[in-house]
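Next comes query_28.cif, with mmCIF, C-alpha atoms; chains and numbers go by the auth columns.
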```
data_query
loop_
_atom_site.group_PDB
_atom_site.id
_atom_site.type_symbol
_atom_site.label_atom_id
_atom_site.label_comp_id
_atom_site.label_asym_id
_atom_site.label_seq_id
_atom_site.Cartn_x
_atom_site.Cartn_y
_atom_site.Cartn_z
_atom_site.B_iso_or_equiv
_atom_site.auth_seq_id
_atom_site.auth_asym_id
ATOM 1 C CA MET A 1 -8.058 -2.690 -15.753 0.00 1 R
ATOM 2 C CA GLN A 2 -8.076 -0.302 -18.691 0.00 2 R
ATOM 3 C CA VAL A 3 -5.327 2.307 -19.059 0.00 3 R
ATOM 4 C CA LYS A 4 -6.860 5.735 -19.588 0.00 4 R
ATOM 5 C CA SER A 5 -3.579 7.658 -19.926 0.00 5 R
ATOM 6 C CA ARG A 6 0.119 7.467 -19.114 0.00 6 R
ATOM 7 C CA HIS A 7 2.673 10.199 -18.571 0.00 7 R
ATOM 8 C CA HIS A 8 5.975 10.709 -16.784 0.00 8 R
ATOM 9 C CA LEU A 9 5.893 12.608 -13.501 0.00 9 R
ATOM 10 C CA ARG A 10 7.542 16.019 -13.305 0.00 10 R
ATOM 11 C CA ASN A 11 10.500 16.460 -10.942 0.00 11 R
ATOM 12 C CA ASP A 12 8.384 18.262 -8.328 0.00 12 R
ATOM 13 C CA GLU A 13 5.774 15.451 -8.432 0.00 13 R
ATOM 14 C CA VAL A 14 8.532 12.858 -7.970 0.00 14 R
ATOM 15 C CA ARG A 15 9.909 14.807 -5.002 0.00 15 R
ATOM 16 C CA ASP A 16 6.442 15.032 -3.412 0.00 16 R
ATOM 17 C CA LEU A 17 5.867 11.300 -3.952 0.00 17 R
ATOM 18 C CA GLU A 18 9.238 10.292 -2.496 0.00 18 R
ATOM 19 C CA THR A 19 8.747 12.626 0.494 0.00 19 R
ATOM 20 C CA ALA A 20 5.260 11.233 1.197 0.00 20 R
ATOM 21 C CA LEU A 21 6.504 7.626 1.120 0.00 21 R
ATOM 22 C CA GLN A 22 9.494 8.469 3.324 0.00 22 R
ATOM 23 C CA SER A 23 7.230 10.189 5.838 0.00 23 R
ATOM 24 C CA ALA A 24 4.491 7.531 5.923 0.00 24 R
ATOM 25 C CA LEU A 25 6.569 4.357 5.617 0.00 25 R
ATOM 26 C CA GLY A 26 10.237 5.193 6.107 0.00 26 R
ATOM 27 C CA VAL A 27 10.850 4.033 2.528 0.00 27 R
ATOM 28 C CA GLU A 28 13.308 5.664 0.170 0.00 28 R
ATOM 29 C CA LEU A 29 11.961 4.884 -3.256 0.00 29 R
ATOM 30 C CA ASP A 30 14.728 5.622 -5.737 0.00 30 R
ATOM 31 C CA ALA A 31 13.917 4.985 -9.374 0.00 31 R
ATOM 32 C CA ASP A 32 15.230 6.430 -12.613 0.00 32 R
ATOM 33 C CA SER A 33 11.752 6.939 -14.058 0.00 33 R
ATOM 34 C CA TYR A 34 8.285 7.475 -12.628 0.00 34 R
ATOM 35 C CA GLU A 35 5.232 7.151 -14.828 0.00 35 R
ATOM 36 C CA LEU A 36 1.654 7.882 -13.748 0.00 36 R
ATOM 37 C CA VAL A 37 -0.909 5.465 -15.171 0.00 37 R
ATOM 38 C CA GLU A 38 -4.508 6.665 -14.916 0.00 38 R
ATOM 39 C CA LEU A 39 -6.919 3.737 -14.929 0.00 39 R
ATOM 40 C CA ALA A 40 -10.346 4.160 -16.524 0.00 40 R
ATOM 41 C CA ASP A 41 -12.166 1.452 -14.568 0.00 41 R
ATOM 42 C CA SER A 42 -10.569 1.841 -11.141 0.00 42 R
ATOM 43 C CA SER A 43 -10.594 4.204 -8.187 0.00 43 R
ATOM 44 C CA PHE A 44 -6.781 3.950 -8.162 0.00 44 R
ATOM 45 C CA ASP A 45 -4.104 5.674 -10.176 0.00 45 R
ATOM 46 C CA LEU A 46 -0.831 3.801 -10.410 0.00 46 R
ATOM 47 C CA VAL A 47 2.796 4.917 -10.491 0.00 47 R
ATOM 48 C CA LEU A 48 5.310 2.777 -12.321 0.00 48 R
ATOM 49 C CA ALA A 49 8.787 3.098 -10.834 0.00 49 R
ATOM 50 C CA ASP A 50 11.250 1.901 -13.464 0.00 50 R
ATOM 51 C CA GLY A 51 8.322 0.124 -15.117 0.00 51 R
ATOM 52 C CA ASP A 52 7.121 -1.717 -11.998 0.00 52 R
ATOM 53 C CA PRO A 53 3.727 -0.907 -10.374 0.00 53 R
ATOM 54 C CA ALA A 54 5.233 0.276 -7.087 0.00 54 R
ATOM 55 C CA VAL A 55 2.862 3.007 -5.886 0.00 55 R
ATOM 56 C CA PHE A 56 -0.843 3.676 -6.093 0.00 56 R
ATOM 57 C CA TYR A 57 -2.940 6.683 -5.207 0.00 57 R
ATOM 58 C CA TYR A 58 -5.934 5.968 -3.009 0.00 58 R
ATOM 59 C CA GLU A 59 -8.150 8.986 -2.358 0.00 59 R
ATOM 60 C CA ASP A 60 -5.274 11.171 -3.650 0.00 60 R
ATOM 61 C CA GLU A 61 -2.862 9.675 -1.110 0.00 61 R
ATOM 62 C CA PRO A 62 0.228 7.843 -2.417 0.00 62 R
ATOM 63 C CA PHE A 63 1.091 4.478 -0.891 0.00 63 R
ATOM 64 C CA LEU A 64 3.102 1.433 -1.891 0.00 64 R
ATOM 65 C CA THR A 65 1.303 -1.354 -3.710 0.00 65 R
ATOM 66 C CA VAL A 66 1.670 -4.838 -2.229 0.00 66 R
ATOM 67 C CA ARG A 67 4.351 -5.567 -4.837 0.00 67 R
ATOM 68 C CA GLY A 68 6.016 -2.217 -4.146 0.00 68 R
ATOM 69 C CA ALA A 69 6.016 -2.882 -0.381 0.00 69 R
ATOM 70 C CA ASN A 70 7.615 -6.290 -0.870 0.00 70 R
ATOM 71 C CA ASP A 71 10.319 -4.736 -3.081 0.00 71 R
ATOM 72 C CA ASN A 72 10.816 -1.804 -0.657 0.00 72 R
ATOM 73 C CA PRO A 73 9.876 -3.074 2.828 0.00 73 R
ATOM 74 C CA PRO A 74 8.241 -0.349 4.954 0.00 74 R
ATOM 75 C CA GLU A 75 9.813 0.507 8.298 0.00 75 R
ATOM 76 C CA THR A 76 6.731 2.210 9.745 0.00 76 R
ATOM 77 C CA GLY A 77 2.974 1.989 9.184 0.00 77 R
ATOM 78 C CA VAL A 78 2.983 -1.815 9.378 0.00 78 R
ATOM 79 C CA VAL A 79 0.413 -4.125 10.954 0.00 79 R
ATOM 80 C CA THR A 80 1.633 -7.717 11.417 0.00 80 R
ATOM 81 C CA VAL A 81 -0.796 -10.646 11.386 0.00 81 R
ATOM 82 C CA ASP A 82 -0.371 -14.250 12.570 0.00 82 R
ATOM 83 C CA ALA A 83 -0.403 -17.356 10.355 0.00 83 R
ATOM 84 C CA GLY A 84 -4.116 -17.937 11.004 0.00 84 R
ATOM 85 C CA ALA A 85 -5.022 -14.609 9.406 0.00 85 R
ATOM 86 C CA VAL A 86 -2.849 -14.991 6.284 0.00 86 R
ATOM 87 C CA SER A 87 -5.388 -16.760 4.067 0.00 87 R
ATOM 88 C CA PHE A 88 -8.163 -14.331 5.008 0.00 88 R
ATOM 89 C CA VAL A 89 -6.073 -11.184 4.493 0.00 89 R
ATOM 90 C CA SER A 90 -4.648 -12.566 1.226 0.00 90 R
ATOM 91 C CA ASN A 91 -8.199 -12.944 -0.066 0.00 91 R
ATOM 92 C CA GLY A 92 -9.149 -9.354 0.775 0.00 92 R
ATOM 93 C CA ALA A 93 -10.740 -9.731 4.198 0.00 93 R
ATOM 94 C CA ASP A 94 -10.625 -6.829 6.614 0.00 94 R
ATOM 95 C CA VAL A 95 -8.187 -7.294 9.499 0.00 95 R
ATOM 96 C CA MET A 96 -9.629 -8.244 12.869 0.00 96 R
ATOM 97 C CA ARG A 97 -7.963 -7.712 16.261 0.00 97 R
ATOM 98 C CA PRO A 98 -7.478 -11.396 17.145 0.00 98 R
ATOM 99 C CA GLY A 99 -5.211 -11.929 14.108 0.00 99 R
ATOM 100 C CA ILE A 100 -2.840 -9.059 14.891 0.00 100 R
ATOM 101 C CA VAL A 101 0.435 -9.797 16.659 0.00 101 R
ATOM 102 C CA ASP A 102 2.073 -6.374 16.251 0.00 102 R
ATOM 103 C CA ALA A 103 1.251 -2.871 15.034 0.00 103 R
ATOM 104 C CA ASP A 104 3.275 0.311 14.716 0.00 104 R
ATOM 105 C CA ASP A 105 2.298 2.514 17.671 0.00 105 R
ATOM 106 C CA ASP A 106 2.435 5.632 15.465 0.00 106 R
ATOM 107 C CA ILE A 107 -0.491 4.471 13.301 0.00 107 R
ATOM 108 C CA GLU A 108 -3.433 6.866 13.575 0.00 108 R
ATOM 109 C CA PRO A 109 -7.063 6.146 12.634 0.00 109 R
ATOM 110 C CA GLY A 110 -7.453 6.825 8.910 0.00 110 R
ATOM 111 C CA ASP A 111 -3.821 6.067 8.014 0.00 111 R
ATOM 112 C CA LEU A 112 -3.030 3.749 5.149 0.00 112 R
ATOM 113 C CA VAL A 113 -1.091 0.738 6.463 0.00 113 R
ATOM 114 C CA ALA A 114 0.817 -2.233 5.096 0.00 114 R
ATOM 115 C CA ILE A 115 -0.384 -5.593 6.414 0.00 115 R
ATOM 116 C CA ALA A 116 2.437 -8.141 6.717 0.00 116 R
ATOM 117 C CA GLU A 117 2.613 -11.756 7.848 0.00 117 R
ATOM 118 C CA GLU A 118 4.778 -12.535 10.864 0.00 118 R
ATOM 119 C CA SER A 119 6.853 -15.467 9.565 0.00 119 R
ATOM 120 C CA HIS A 120 8.694 -13.772 6.709 0.00 120 R
ATOM 121 C CA GLY A 121 7.493 -10.176 6.927 0.00 121 R
ATOM 122 C CA LYS A 122 5.939 -10.277 3.449 0.00 122 R
ATOM 123 C CA VAL A 123 3.225 -7.697 2.801 0.00 123 R
ATOM 124 C CA LEU A 124 -0.116 -9.309 1.987 0.00 124 R
ATOM 125 C CA ALA A 125 -2.380 -6.283 1.745 0.00 125 R
ATOM 126 C CA VAL A 126 -2.809 -2.551 2.160 0.00 126 R
ATOM 127 C CA GLY A 127 -5.633 -1.112 4.210 0.00 127 R
ATOM 128 C CA ARG A 128 -7.045 1.889 6.052 0.00 128 R
ATOM 129 C CA ALA A 129 -6.629 1.832 9.843 0.00 129 R
ATOM 130 C CA GLU A 130 -9.858 2.223 11.775 0.00 130 R
ATOM 131 C CA THR A 131 -8.083 2.614 15.113 0.00 131 R
ATOM 132 C CA GLY A 132 -4.683 3.673 16.396 0.00 132 R
ATOM 133 C CA GLY A 133 -1.757 1.269 16.402 0.00 133 R
ATOM 134 C CA GLU A 134 -1.642 1.067 20.206 0.00 134 R
ATOM 135 C CA ASP A 135 -5.248 -0.190 20.207 0.00 135 R
ATOM 136 C CA MET A 136 -5.007 -2.809 17.438 0.00 136 R
ATOM 137 C CA ILE A 137 -4.119 -5.885 19.458 0.00 137 R
ATOM 138 C CA GLY A 138 -7.044 -7.400 21.317 0.00 138 R
ATOM 139 C CA ASP A 139 -9.866 -9.917 21.401 0.00 139 R
ATOM 140 C CA SER A 140 -12.490 -8.650 18.968 0.00 140 R
ATOM 141 C CA GLY A 141 -13.397 -6.119 16.334 0.00 141 R
ATOM 142 C CA LYS A 142 -12.332 -4.935 12.904 0.00 142 R
ATOM 143 C CA VAL A 143 -9.349 -2.586 12.960 0.00 143 R
ATOM 144 C CA VAL A 144 -8.164 -2.333 9.322 0.00 144 R
ATOM 145 C CA GLN A 145 -10.338 -2.063 6.226 0.00 145 R
ATOM 146 C CA SER A 146 -8.707 -3.886 3.303 0.00 146 R
ATOM 147 C CA ILE A 147 -8.159 -1.833 0.142 0.00 147 R
ATOM 148 C CA HIS A 148 -5.681 -3.814 -1.970 0.00 148 R
ATOM 149 C CA HIS A 149 -4.405 -7.379 -1.536 0.00 149 R
ATOM 150 C CA VAL A 150 -2.341 -10.154 -3.099 0.00 150 R
ATOM 151 C CA GLY A 151 -4.034 -11.464 -6.227 0.00 151 R
ATOM 152 C CA ASP A 152 -6.467 -8.578 -6.833 0.00 152 R
ATOM 153 C CA ASP A 153 -6.627 -6.630 -10.107 0.00 153 R
ATOM 154 C CA LEU A 154 -4.083 -4.059 -8.948 0.00 154 R
ATOM 155 C CA TYR A 155 -1.660 -6.777 -7.842 0.00 155 R
ATOM 156 C CA THR A 156 -1.882 -8.628 -11.176 0.00 156 R
ATOM 157 C CA PHE A 157 -1.817 -5.448 -13.302 0.00 157 R
ATOM 158 C CA THR A 158 0.769 -5.393 -16.081 0.00 158 R
ATOM 159 C CA VAL A 159 1.442 -2.727 -18.658 0.00 159 R
#
```
Produce structure tokens that represent the structure in this file.
Amino acid sequence: MQVKSRHHLRNDEVRDLETALQSALGVELDADSYELVELADSSFDLVLADGDPAVFYYEDEPFLTVRGANDNPPETGVVTVDAGAVSFVSNGADVMRPGIVDADDDIEPGDLVAIAEESHGKVLAVGRAETGGEDMIGDSGKVVQSIHHVGDDLYTFTV
């Protein structure tokens, strides 16, 4: 991933970012510095919070990276998968109904969601919900499209 440009966020941009994360995930991200990193070869832009890649913008919508979600565990917008789904989700597979053991009822179709494993609550991936949270548990069908996962270029990105 090539860095196109880097600059610190203005106070109003920081406020908007923190408000969006609080609203979507119940997370209070509190860093001393926020730096926007525009990537030349990626559809993502990245925000470094105190130097750590904590937030990314996907289709102009801010959301925690997998690393950011594990450092600041989300309280809402979480889909939990069973042990059988962990290896698939960790490798970037979309999330299917049979692997889901729990989902936040407030998730709406189109929302970005954090995908966590049930044993330790660690976030494995971030995806876009294709159905509402109340309809995610079941026998068949894809319900979350994977966008970013453990081990991908965004996860391994360093400045």
Output of the PyMOL selection byres ((chain R and resi 29-39) around 7), listed as a ChimeraX atom specification: /R:1-9,18,27-28,40-42,44-50
Top pick for closest residue to Val150 in chain R, considering R:Val55, R:Met96, R:Val14, R:Val86 and counting only C-alpha atoms: R:Val86
Computed interatomic separation between CA of Val66 in chain R and CA of His149 in chain R (Å): 6.6 Å
Picked residues, the PyMOL selection byres ((chain R and resi 122) around 10), expected as JSON, numbers by chain: {"R": [66, 67, 69, 70, 71, 73, 80, 114, 115, 116, 117, 118, 119, 120, 121, 123, 124, 125]}
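Closest to Val78 in chain R among R:Asp60, R:Asp105, R:Asp135, R:Asp94 is R:Asp105, based on only C-alpha atoms.
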Residues selected by the PyMOL selection byres ((chain R and resi 136) around 10), written as a PyMOL selection string: chain R and resi 79+95-105+107+129-135+137-144
R:Ser146, R:Ser87, R:Thr76, R:Thr156 ranked by distance to Arg128 in chain R, top pick (using all atoms listed in the file):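 Residue with the minimum atom-to-atom distance to Arg128 in chain R: R:Ser146.
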Which of R:Asp52, R:Gly26, R:Gln145, R:Asp152 sits closest to Gly77 in chain R [using only C-alpha atoms]: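 Answer, going by the shortest atom-to-atom distance: R:Gly26.
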Minimum-distance residue to Asp16 in chain R, chosen among R:Gly84, R:Pro74, R:Pro62, R:Pro109 (using only C-alpha atoms): R:Pro62
Point-to-point distance in Å for CA of Val159 in chain R and CA of Asn11 in chain R: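 Interatomic distance, CA of Asn11 in chain R to CA of Val159 in chain R: 22.6 Å.
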What would range 14-45 of chain R look like with N, CA and C atoms in place, written as a PDB file, keeping the file's coordinate frame?
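Output (part-v2.pdb):
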```
ATOM      1  N   VAL R  14       7.685  13.955  -8.464  1.00  0.00           N
ATOM      2  CA  VAL R  14       8.532  12.858  -7.970  1.00  0.00           C
ATOM      3  C   VAL R  14       9.003  13.170  -6.558  1.00  0.00           C
ATOM      4  N   ARG R  15       9.444  14.396  -6.331  1.00  0.00           N
ATOM      5  CA  ARG R  15       9.909  14.807  -5.002  1.00  0.00           C
ATOM      6  C   ARG R  15       8.788  14.670  -3.971  1.00  0.00           C
ATOM      7  N   ASP R  16       7.589  15.131  -4.324  1.00  0.00           N
ATOM      8  CA  ASP R  16       6.442  15.032  -3.412  1.00  0.00           C
ATOM      9  C   ASP R  16       6.116  13.569  -3.104  1.00  0.00           C
ATOM     10  N   LEU R  17       6.144  12.728  -4.121  1.00  0.00           N
ATOM     11  CA  LEU R  17       5.867  11.300  -3.952  1.00  0.00           C
ATOM     12  C   LEU R  17       6.896  10.649  -3.039  1.00  0.00           C
ATOM     13  N   GLU R  18       8.172  10.883  -3.314  1.00  0.00           N
ATOM     14  CA  GLU R  18       9.238  10.292  -2.496  1.00  0.00           C
ATOM     15  C   GLU R  18       9.171  10.786  -1.055  1.00  0.00           C
ATOM     16  N   THR R  19       8.864  12.062  -0.860  1.00  0.00           N
ATOM     17  CA  THR R  19       8.747  12.626   0.494  1.00  0.00           C
ATOM     18  C   THR R  19       7.575  11.997   1.242  1.00  0.00           C
ATOM     19  N   ALA R  20       6.442  11.827   0.567  1.00  0.00           N
ATOM     20  CA  ALA R  20       5.260  11.233   1.197  1.00  0.00           C
ATOM     21  C   ALA R  20       5.536   9.793   1.622  1.00  0.00           C
ATOM     22  N   LEU R  21       6.201   9.023   0.780  1.00  0.00           N
ATOM     23  CA  LEU R  21       6.504   7.626   1.120  1.00  0.00           C
ATOM     24  C   LEU R  21       7.526   7.538   2.247  1.00  0.00           C
ATOM     25  N   GLN R  22       8.496   8.436   2.245  1.00  0.00           N
ATOM     26  CA  GLN R  22       9.494   8.469   3.324  1.00  0.00           C
ATOM     27  C   GLN R  22       8.811   8.799   4.646  1.00  0.00           C
ATOM     28  N   SER R  23       7.917   9.760   4.622  1.00  0.00           N
ATOM     29  CA  SER R  23       7.230  10.189   5.838  1.00  0.00           C
ATOM     30  C   SER R  23       6.283   9.109   6.372  1.00  0.00           C
ATOM     31  N   ALA R  24       5.503   8.501   5.495  1.00  0.00           N
ATOM     32  CA  ALA R  24       4.491   7.531   5.923  1.00  0.00           C
ATOM     33  C   ALA R  24       5.063   6.156   6.244  1.00  0.00           C
ATOM     34  N   LEU R  25       6.101   5.742   5.508  1.00  0.00           N
ATOM     35  CA  LEU R  25       6.569   4.357   5.617  1.00  0.00           C
ATOM     36  C   LEU R  25       8.055   4.200   5.916  1.00  0.00           C
ATOM     37  N   GLY R  26       8.795   5.296   5.914  1.00  0.00           N
ATOM     38  CA  GLY R  26      10.237   5.193   6.107  1.00  0.00           C
ATOM     39  C   GLY R  26      10.928   4.549   4.918  1.00  0.00           C
ATOM     40  N   VAL R  27      10.318   4.664   3.735  1.00  0.00           N
ATOM     41  CA  VAL R  27      10.850   4.033   2.528  1.00  0.00           C
ATOM     42  C   VAL R  27      11.460   5.084   1.620  1.00  0.00           C
ATOM     43  N   GLU R  28      12.676   4.799   1.152  1.00  0.00           N
ATOM     44  CA  GLU R  28      13.308   5.664   0.170  1.00  0.00           C
ATOM     45  C   GLU R  28      13.185   4.999  -1.187  1.00  0.00           C
ATOM     46  N   LEU R  29      12.174   5.397  -1.918  1.00  0.00           N
ATOM     47  CA  LEU R  29      11.961   4.884  -3.256  1.00  0.00           C
ATOM     48  C   LEU R  29      12.879   5.663  -4.185  1.00  0.00           C
ATOM     49  N   ASP R  30      13.757   4.962  -4.878  1.00  0.00           N
ATOM     50  CA  ASP R  30      14.728   5.622  -5.737  1.00  0.00           C
ATOM     51  C   ASP R  30      14.725   4.940  -7.091  1.00  0.00           C
ATOM     52  N   ALA R  31      14.007   5.546  -8.034  1.00  0.00           N
ATOM     53  CA  ALA R  31      13.917   4.985  -9.374  1.00  0.00           C
ATOM     54  C   ALA R  31      14.418   6.011 -10.375  1.00  0.00           C
ATOM     55  N   ASP R  32      14.778   5.533 -11.548  1.00  0.00           N
ATOM     56  CA  ASP R  32      15.230   6.430 -12.613  1.00  0.00           C
ATOM     57  C   ASP R  32      14.056   7.076 -13.339  1.00  0.00           C
ATOM     58  N   SER R  33      12.914   6.362 -13.388  1.00  0.00           N
ATOM     59  CA  SER R  33      11.752   6.939 -14.058  1.00  0.00           C
ATOM     60  C   SER R  33      10.483   6.640 -13.272  1.00  0.00           C
ATOM     61  N   TYR R  34       9.588   7.603 -13.276  1.00  0.00           N
ATOM     62  CA  TYR R  34       8.285   7.475 -12.628  1.00  0.00           C
ATOM     63  C   TYR R  34       7.221   7.831 -13.662  1.00  0.00           C
ATOM     64  N   GLU R  35       6.275   6.931 -13.842  1.00  0.00           N
ATOM     65  CA  GLU R  35       5.232   7.151 -14.828  1.00  0.00           C
ATOM     66  C   GLU R  35       3.872   6.957 -14.163  1.00  0.00           C
ATOM     67  N   LEU R  36       3.005   7.962 -14.293  1.00  0.00           N
ATOM     68  CA  LEU R  36       1.654   7.882 -13.748  1.00  0.00           C
ATOM     69  C   LEU R  36       0.754   7.208 -14.767  1.00  0.00           C
ATOM     70  N   VAL R  37       0.044   6.167 -14.327  1.00  0.00           N
ATOM     71  CA  VAL R  37      -0.909   5.465 -15.171  1.00  0.00           C
ATOM     72  C   VAL R  37      -2.291   5.717 -14.583  1.00  0.00           C
ATOM     73  N   GLU R  38      -3.131   6.434 -15.347  1.00  0.00           N
ATOM     74  CA  GLU R  38      -4.508   6.665 -14.916  1.00  0.00           C
ATOM     75  C   GLU R  38      -5.358   5.522 -15.459  1.00  0.00           C
ATOM     76  N   LEU R  39      -6.106   4.898 -14.568  1.00  0.00           N
ATOM     77  CA  LEU R  39      -6.919   3.737 -14.929  1.00  0.00           C
ATOM     78  C   LEU R  39      -8.372   4.158 -15.090  1.00  0.00           C
ATOM     79  N   ALA R  40      -8.979   3.745 -16.203  1.00  0.00           N
ATOM     80  CA  ALA R  40     -10.346   4.160 -16.524  1.00  0.00           C
ATOM     81  C   ALA R  40     -11.388   3.477 -15.654  1.00  0.00           C
ATOM     82  N   ASP R  41     -11.154   2.245 -15.270  1.00  0.00           N
ATOM     83  CA  ASP R  41     -12.166   1.452 -14.568  1.00  0.00           C
ATOM     84  C   ASP R  41     -11.773   1.152 -13.123  1.00  0.00           C
ATOM     85  N   SER R  42     -11.050   2.070 -12.493  1.00  0.00           N
ATOM     86  CA  SER R  42     -10.569   1.841 -11.141  1.00  0.00           C
ATOM     87  C   SER R  42     -10.574   3.141 -10.350  1.00  0.00           C
ATOM     88  N   SER R  43     -10.680   3.015  -9.040  1.00  0.00           N
ATOM     89  CA  SER R  43     -10.594   4.204  -8.187  1.00  0.00           C
ATOM     90  C   SER R  43      -9.139   4.551  -7.890  1.00  0.00           C
ATOM     91  N   PHE R  44      -8.207   3.736  -8.387  1.00  0.00           N
ATOM     92  CA  PHE R  44      -6.781   3.950  -8.162  1.00  0.00           C
ATOM     93  C   PHE R  44      -6.126   4.579  -9.385  1.00  0.00           C
ATOM     94  N   ASP R  45      -5.077   5.332  -9.148  1.00  0.00           N
ATOM     95  CA  ASP R  45      -4.104   5.674 -10.176  1.00  0.00           C
ATOM     96  C   ASP R  45      -2.831   4.976  -9.740  1.00  0.00           C
TER      97      ASP R  45
END
```
